[in-house]
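Written below as structure tokens is the structure these notes are about.
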Amino acid sequence: MRKIAALFIIGTLVSTSNIALAKSPKLSLSKPSTFNYQCDDGSKIKATFYGLSDNSLTFVKFTLDGEAYTLPQVVSASGSRYSDLNRIEFHTKGDTALLNKDVTNEKSASIDCKKVATKK
């Protein structure tokens with residue numbers, strides 16, 4: 001009797017998981033938006049912002065000092081904040097951004113950046 005009950009439960013779980021998978025939409029990336037920023041320390045950032053089609057994840061990709069970063073969006077009281085919560089943070093609001101190259105260091109100050117026109 002226990003074997004029959006176990007088989008019934010397993011069968012139910014398998015069929016339910018197949019239904020859930022069948023109804024899941026295929027994810028894709030939204031059309032990216034790219035902006036250039038000039039920072040007060042001389043850094044230039046070409047940031048490309050992406051999102052998943054179901055809005056479950058938004059992230060930014062950029063290169064700084066020869067190193068490539070992909071940062072997920074994290075909670076922010078105002079604007080959009082992207083961080084690996086370990087080292088670097090890029091916080092945008094309107095045409096401005098704040099860049100912190102070392103969030104683990106209390107003495108590390110944020111650098112002001114401004115959006116600049118893209119040259120064509």
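To be explicit about the labels: the chains of the structure tokens are called A, B, and onward in the order shown, and within each one the residues are counted from 1, while ligands get numbers from 1 in the order they are shown.
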* Asked: What residues in range 17-114 of chain A get the DSSP label strand (DSSP E)? Please answer as a count of residues only.
  -> 48
* Proximity to Asp95 in chain A - best of A:Phe62, A:Tyr50, A:Tyr82, A:Phe35, only C-alpha atoms ->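 Closest to Asp95 in chain A, using only C-alpha atoms: A:Phe35.
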* Pick from A:Thr34, A:Thr104, A:Ser56, A:Ser80, whichever lies nearest to Val116 in chain A using only C-alpha atoms ->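 Closest residue, counting only C-alpha atoms: A:Thr34.
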* **alpha helix (DSSP H) residues, from DSSP on the backbone, in range 17-97 of chain A, as a list in words** =>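 Going through range 17-97 of chain A, the alpha helix (DSSP H) residues come out as Ser17, Asn18, Ile19, Ala20, Leu21, Ala22 and Lys23 of chain A.
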Just C-alpha atoms for this one: save the residues we selected as a short mmCIF file (atom, residue, chain, number, x, y, z; two decimals), in the first residue's frame.
data_model
loop_
_atom_site.label_atom_id
_atom_site.label_comp_id
_atom_site.auth_asym_id
_atom_site.auth_seq_id
_atom_site.Cartn_x
_atom_site.Cartn_y
_atom_site.Cartn_z
CA SER A 17 6.02 19.96 -12.79
CA ASN A 18 5.50 19.27 -16.50
CA ILE A 19 2.41 21.49 -16.51
CA ALA A 20 4.33 24.30 -14.80
CA LEU A 21 7.20 23.99 -17.27
CA ALA A 22 4.85 23.96 -20.25
CA LYS A 23 3.26 27.25 -19.14
#
* To do: Determine the nearest neighbour of Leu99 in chain A from the options A:Gln73, A:Ser83, A:Ser30, A:Asn55, counting only C-alpha atoms.
  =>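 Closest to Leu99 in chain A, using only C-alpha atoms: A:Ser83.
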* Nearest to Thr92 in chain A by atom-to-atom distance, counting only C-alpha atoms, from A:Pro32, A:Ser108, A:Ala47, A:Ala68 -> A:Ala47
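Proximity of A:Lys26, A:Arg81, A:Ser33, A:Ala97 to Ser53 in chain A, computed with only C-alpha atoms, is greatest for A:Lys26.
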* **Residues near Glu67 in chain A, cut-off 12 Å, only C-alpha atoms, skip fewer than 5 positions along chain, as a list in words** =>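 Everything that qualifies: Ile45, Lys61, Phe62, Ile88 and Lys101 of chain A.
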* Minimum-distance residue to Asn36 in chain A, chosen among A:Ser76, A:Ser110, A:Asn86, A:Thr118 (using only C-alpha atoms) ->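 Answer, going by the shortest atom-to-atom distance: A:Thr118.
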* **Interatomic distance (Å, one decimal) between CA of Gly94 in chain A and CA of Glu106 in chain A** => 26.0 Å
* **Selection near Gly42 in chain A, 12 Å with only C-alpha atoms, sequence-local residues under 2 positions removed, as a PyMOL selection string** => chain A and resi 37-40+44-45+64-65+99+111-114
* Mind pulling up the distance from CA of Asn105 in chain A to CA of Arg87 in chain A? ->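 Atom-to-atom, CA of Arg87 in chain A and CA of Asn105 in chain A are spaced 8.7 Å apart.
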